[in-house]
Amino acid sequence: MGLRPNLLTRRAAGVASTTLALLLSTAAVGVVPAASAFSAAPGGACAEPTDSHADARVRPGAASTHEPNELTAKQVREREADLATALRERANFRAGATTLATVTIPVVVHVIQRDSTRAGGNIPDSLITSQISVLNQAYAGGTGGAATAFSFRLDKINRVTNPSWYPIVDGSSAERSMKSSLRVGGKSTLNIYLGELSDDLLGWATFPQRKLSSMDGVVVLNESLPGGAATNYNQGDTGTHEIGHWLNLYHTFQGGCGGSGDSVGDTPAEASPAYECPTGRNTCSATGLDPITNFMDYTYDSCMYQFTPGQASRMLTAWNAYRAA
């Protein structure tokens, strides 16, 4: 349940599982460390980024053409240096901590409503349970991509009627108030906030940090859930995409054709976001067509179906660095 119809054949054919090793360094396959990762400060230390940053998913022609807090090259360098530092800290000071190869993530869903009507944000529980099914299929490799370490367990649906939080406006004091009031659990608990969103956005998410922020979590357009009313974006892959950011993935087009791109070695370079369902798109001279079927691009839900082994490795590395107990 929750699989997109056009991907059923991929599931039926069977997809070989990706073997996931325990990852404790940025030398892991698929992870491209920043050149300055171990020299950002004297002694190899680096300061934690001053905020958690965020990344988003937008529709073509959206009123907001600039994603919330879109990462600059400097911010990416800071994040990659911070990941290296977090890994060192874990190796040096958390020797007794458990390093995980498989992870079940507890999920708390906050449904933000203006009123009790569907138009006011009151979506049925069935859309939420279908979303969890889509996440589990996608992250298990059941839709045709690499299997990752992650599965998702819905622990609670929290319904909140508050017109002052509706729609959810990225970067607003109302968003901060909402999250500060509602967020529950520690670093390993995924808090998802559902509602109508500002600026025609589909969703946004925070990246992991060493220190837990009350802003930590994922915001998703309620009607983008499987069976929702967001045409071309109603099969649940906005949730898949945003949780990828929460697990430390960048967009496939991060950095364009130059530099370390999205810091993953097996996603071909891409100059700009891909929208709708383009064929044969190749915006960079590097080997490989644009990864328009990757969950971390901007194409229609019907066109995206995979993570790569390198992305799976990067997510697990980041989990063990930032979110594991």
# chains A, B, ... in the order shown; residues from 1 in each chain; ligands from 1

call {"tool": "residues_around", "arguments": {"residues": "Ala73 in chain A", "least_positions_apart": "3", "cutoff": "10 Å", "atoms": "only C-alpha atoms", "output": "PyMOL selection string"}}
result
chain A and resi 70+76-79+254-255+259-261

call {"tool": "write_last_selection", "arguments": {"atoms": "all heavy atoms", "output": "PDB file, in the first residue's frame"}}
result
ATOM      1  N   GLU A  70      18.184  28.599   1.327  1.00  0.00           N
ATOM      2  CA  GLU A  70      18.940  27.789   0.370  1.00  0.00           C
ATOM      3  C   GLU A  70      20.421  27.851   0.707  1.00  0.00           C
ATOM      4  O   GLU A  70      20.975  28.910   0.952  1.00  0.00           O
ATOM      5  CB  GLU A  70      18.700  28.301  -1.049  1.00  0.00           C
ATOM      6  CG  GLU A  70      19.420  27.505  -2.114  1.00  0.00           C
ATOM      7  CD  GLU A  70      19.183  28.084  -3.498  1.00  0.00           C
ATOM      8  OE1 GLU A  70      18.496  29.104  -3.598  1.00  0.00           O
ATOM      9  OE2 GLU A  70      19.685  27.495  -4.458  1.00  0.00           O
ATOM     10  N   VAL A  76      27.571  25.032   2.927  1.00  0.00           N
ATOM     11  CA  VAL A  76      27.868  23.623   2.674  1.00  0.00           C
ATOM     12  C   VAL A  76      29.225  23.262   3.253  1.00  0.00           C
ATOM     13  O   VAL A  76      29.386  22.217   3.901  1.00  0.00           O
ATOM     14  CB  VAL A  76      27.805  23.304   1.171  1.00  0.00           C
ATOM     15  CG1 VAL A  76      28.362  21.910   0.883  1.00  0.00           C
ATOM     16  CG2 VAL A  76      26.366  23.394   0.671  1.00  0.00           C
ATOM     17  N   ARG A  77      30.222  24.125   3.043  1.00  0.00           N
ATOM     18  CA  ARG A  77      31.544  23.855   3.628  1.00  0.00           C
ATOM     19  C   ARG A  77      31.455  23.758   5.144  1.00  0.00           C
ATOM     20  O   ARG A  77      32.075  22.883   5.765  1.00  0.00           O
ATOM     21  CB  ARG A  77      32.540  24.946   3.218  1.00  0.00           C
ATOM     22  CG  ARG A  77      32.955  24.906   1.746  1.00  0.00           C
ATOM     23  CD  ARG A  77      34.170  25.778   1.486  1.00  0.00           C
ATOM     24  NE  ARG A  77      33.929  27.180   1.778  1.00  0.00           N
ATOM     25  CZ  ARG A  77      33.454  28.047   0.901  1.00  0.00           C
ATOM     26  NH1 ARG A  77      33.151  27.658  -0.330  1.00  0.00           N
ATOM     27  NH2 ARG A  77      33.277  29.318   1.237  1.00  0.00           N
ATOM     28  N   GLU A  78      30.686  24.648   5.753  1.00  0.00           N
ATOM     29  CA  GLU A  78      30.517  24.605   7.206  1.00  0.00           C
ATOM     30  C   GLU A  78      29.859  23.301   7.645  1.00  0.00           C
ATOM     31  O   GLU A  78      30.271  22.686   8.645  1.00  0.00           O
ATOM     32  CB  GLU A  78      29.670  25.788   7.674  1.00  0.00           C
ATOM     33  CG  GLU A  78      30.353  27.141   7.584  1.00  0.00           C
ATOM     34  CD  GLU A  78      29.412  28.286   7.922  1.00  0.00           C
ATOM     35  OE1 GLU A  78      28.188  28.040   8.024  1.00  0.00           O
ATOM     36  OE2 GLU A  78      29.895  29.423   8.083  1.00  0.00           O
ATOM     37  N   ARG A  79      28.847  22.888   6.908  1.00  0.00           N
ATOM     38  CA  ARG A  79      28.141  21.667   7.272  1.00  0.00           C
ATOM     39  C   ARG A  79      29.045  20.449   7.126  1.00  0.00           C
ATOM     40  O   ARG A  79      29.037  19.556   7.972  1.00  0.00           O
ATOM     41  CB  ARG A  79      26.888  21.496   6.414  1.00  0.00           C
ATOM     42  CG  ARG A  79      25.725  22.408   6.823  1.00  0.00           C
ATOM     43  CD  ARG A  79      24.381  21.719   6.601  1.00  0.00           C
ATOM     44  NE  ARG A  79      24.356  20.421   7.250  1.00  0.00           N
ATOM     45  CZ  ARG A  79      24.158  20.219   8.552  1.00  0.00           C
ATOM     46  NH1 ARG A  79      23.964  21.245   9.367  1.00  0.00           N
ATOM     47  NH2 ARG A  79      24.149  18.999   9.038  1.00  0.00           N
ATOM     48  N   GLN A 254      22.693  20.676  -5.862  1.00  0.00           N
ATOM     49  CA  GLN A 254      23.471  21.538  -4.975  1.00  0.00           C
ATOM     50  C   GLN A 254      24.835  21.828  -5.603  1.00  0.00           C
ATOM     51  O   GLN A 254      25.557  20.912  -6.002  1.00  0.00           O
ATOM     52  CB  GLN A 254      23.673  20.866  -3.613  1.00  0.00           C
ATOM     53  CG  GLN A 254      24.579  21.620  -2.657  1.00  0.00           C
ATOM     54  CD  GLN A 254      23.965  22.938  -2.188  1.00  0.00           C
ATOM     55  OE1 GLN A 254      22.804  22.970  -1.818  1.00  0.00           O
ATOM     56  NE2 GLN A 254      24.740  24.002  -2.213  1.00  0.00           N
ATOM     57  N   GLY A 255      25.199  23.087  -5.699  1.00  0.00           N
ATOM     58  CA  GLY A 255      26.505  23.458  -6.218  1.00  0.00           C
ATOM     59  C   GLY A 255      26.635  23.411  -7.721  1.00  0.00           C
ATOM     60  O   GLY A 255      27.711  23.711  -8.257  1.00  0.00           O
ATOM     61  N   GLY A 259      32.662  21.901  -8.147  1.00  0.00           N
ATOM     62  CA  GLY A 259      32.936  21.595  -6.747  1.00  0.00           C
ATOM     63  C   GLY A 259      32.497  20.204  -6.347  1.00  0.00           C
ATOM     64  O   GLY A 259      32.476  19.272  -7.153  1.00  0.00           O
ATOM     65  N   SER A 260      32.118  20.068  -5.075  1.00  0.00           N
ATOM     66  CA  SER A 260      31.722  18.760  -4.553  1.00  0.00           C
ATOM     67  C   SER A 260      30.237  18.480  -4.748  1.00  0.00           C
ATOM     68  O   SER A 260      29.742  17.437  -4.350  1.00  0.00           O
ATOM     69  CB  SER A 260      32.073  18.656  -3.062  1.00  0.00           C
ATOM     70  OG  SER A 260      31.391  19.647  -2.320  1.00  0.00           O
ATOM     71  N   GLY A 261      29.501  19.424  -5.366  1.00  0.00           N
ATOM     72  CA  GLY A 261      28.087  19.194  -5.649  1.00  0.00           C
ATOM     73  C   GLY A 261      27.304  18.866  -4.400  1.00  0.00           C
ATOM     74  O   GLY A 261      27.361  19.581  -3.408  1.00  0.00           O
TER      75      GLY A 261
END

call {"tool": "residues_around", "arguments": {"residues": "range 154-159 of chain A", "least_positions_apart": "4", "cutoff": "8 Å", "atoms": "only C-alpha atoms", "output": "list in words"}}
result
Pro106, Val107, Val108, Val109, His110, Val111, Ile112, Gln113, Thr129 and Ile132 of chain A

call {"tool": "closest_residue", "arguments": {"among": "A:Gly288, A:Pro208, A:Gly142, A:Gly236", "to": "Asn222 in chain A", "atoms": "only C-alpha atoms"}}
result
A:Gly236

call {"tool": "select_by_dssp", "arguments": {"residues": "range 127-213 of chain A", "states": "helix (DSSP H, G or I)", "output": "PyMOL selection string"}}
result
chain A and resi 127-139+163-165+173-182+198-200

call {"tool": "atom_distance", "arguments": {"atom1": "CA of Asp290 in chain A", "atom2": "CA of Glu270 in chain A"}}
result
5.5 Å

call {"tool": "closest_residue", "arguments": {"among": "A:Ala140, A:Ala101, A:Leu289, A:Met315", "to": "Ser263 in chain A", "atoms": "only C-alpha atoms"}}
result
A:Met315

call {"tool": "residues_around", "arguments": {"residues": "Thr148 in chain A", "least_positions_apart": "6", "cutoff": "12 Å", "atoms": "only C-alpha atoms", "output": "ChimeraX atom specification"}}
result
/A:16-21,101-104,135-142,244,247,306-317,319

call {"tool": "closest_residue", "arguments": {"among": "A:Ala91, A:Ala146, A:Ala56, A:Ser302", "to": "Leu197 in chain A", "atoms": "only C-alpha atoms"}}
result
A:Ala56

call {"tool": "closest_residue", "arguments": {"among": "A:Leu194, A:Leu182, A:Arg57, A:Ala229", "to": "Asp216 in chain A", "atoms": "only C-alpha atoms"}}
result
A:Leu182

call {"tool": "decode", "arguments": {"residues": "range 200-252 of chain A", "atoms": "C-alpha atoms", "output": "JSON list (two decimals), in the first residue's frame"}}
result
[["chain", "number", "residue", "atom", "x", "y", "z"],
["A", 200, "ASP", "CA", 3.39, 27.78, -2.90],
["A", 201, "LEU", "CA", 6.07, 25.67, -1.22],
["A", 202, "LEU", "CA", 5.69, 21.90, -0.96],
["A", 203, "GLY", "CA", 7.83, 21.53, 2.16],
["A", 204, "TRP", "CA", 11.06, 22.30, 3.97],
["A", 205, "ALA", "CA", 13.29, 20.65, 6.55],
["A", 206, "THR", "CA", 16.17, 21.26, 8.91],
["A", 207, "PHE", "CA", 19.51, 19.52, 8.64],
["A", 208, "PRO", "CA", 20.89, 17.66, 11.69],
["A", 209, "GLN", "CA", 23.02, 19.42, 14.28],
["A", 210, "ARG", "CA", 25.08, 18.32, 17.25],
["A", 211, "LYS", "CA", 22.85, 20.39, 19.55],
["A", 212, "LEU", "CA", 19.13, 19.76, 19.24],
["A", 213, "SER", "CA", 17.11, 22.80, 18.16],
["A", 214, "SER", "CA", 13.40, 23.29, 18.79],
["A", 215, "MET", "CA", 13.15, 24.00, 15.04],
["A", 216, "ASP", "CA", 14.35, 20.49, 14.19],
["A", 217, "GLY", "CA", 11.90, 18.67, 11.94],
["A", 218, "VAL", "CA", 10.09, 18.55, 8.63],
["A", 219, "VAL", "CA", 7.24, 20.73, 7.30],
["A", 220, "VAL", "CA", 5.10, 19.24, 4.52],
["A", 221, "LEU", "CA", 2.12, 20.48, 2.53],
["A", 222, "ASN", "CA", -0.83, 18.49, 3.85],
["A", 223, "GLU", "CA", -2.33, 17.83, 0.42],
["A", 224, "SER", "CA", 0.97, 16.39, -0.87],
["A", 225, "LEU", "CA", 0.37, 13.24, 1.13],
["A", 226, "PRO", "CA", -0.72, 10.14, -0.83],
["A", 227, "GLY", "CA", -4.28, 10.75, -2.02],
["A", 228, "GLY", "CA", -4.13, 14.51, -1.38],
["A", 229, "ALA", "CA", -5.28, 17.24, -3.74],
["A", 230, "ALA", "CA", -1.85, 18.56, -4.88],
["A", 231, "THR", "CA", -1.86, 17.49, -8.53],
["A", 232, "ASN", "CA", 1.44, 15.84, -9.59],
["A", 233, "TYR", "CA", 2.69, 16.11, -6.01],
["A", 234, "ASN", "CA", 0.25, 13.88, -4.14],
["A", 235, "GLN", "CA", 2.03, 10.53, -3.95],
["A", 236, "GLY", "CA", 3.99, 11.26, -0.79],
["A", 237, "ASP", "CA", 7.41, 12.08, -2.18],
["A", 238, "THR", "CA", 7.58, 15.57, -0.72],
["A", 239, "GLY", "CA", 7.79, 13.78, 2.63],
["A", 240, "THR", "CA", 10.45, 11.43, 1.25],
["A", 241, "HIS", "CA", 12.45, 14.40, -0.10],
["A", 242, "GLU", "CA", 12.27, 16.51, 3.05],
["A", 243, "ILE", "CA", 13.21, 13.63, 5.34],
["A", 244, "GLY", "CA", 16.24, 13.15, 3.10],
["A", 245, "HIS", "CA", 17.32, 16.66, 4.12],
["A", 246, "TRP", "CA", 16.59, 15.85, 7.78],
["A", 247, "LEU", "CA", 18.98, 12.91, 7.33],
["A", 248, "ASN", "CA", 21.64, 15.23, 5.83],
["A", 249, "LEU", "CA", 21.14, 14.93, 2.07],
["A", 250, "TYR", "CA", 21.44, 17.97, -0.20],
["A", 251, "HIS", "CA", 19.58, 18.51, -3.44],
["A", 252, "THR", "CA", 21.07, 16.66, -6.41]]
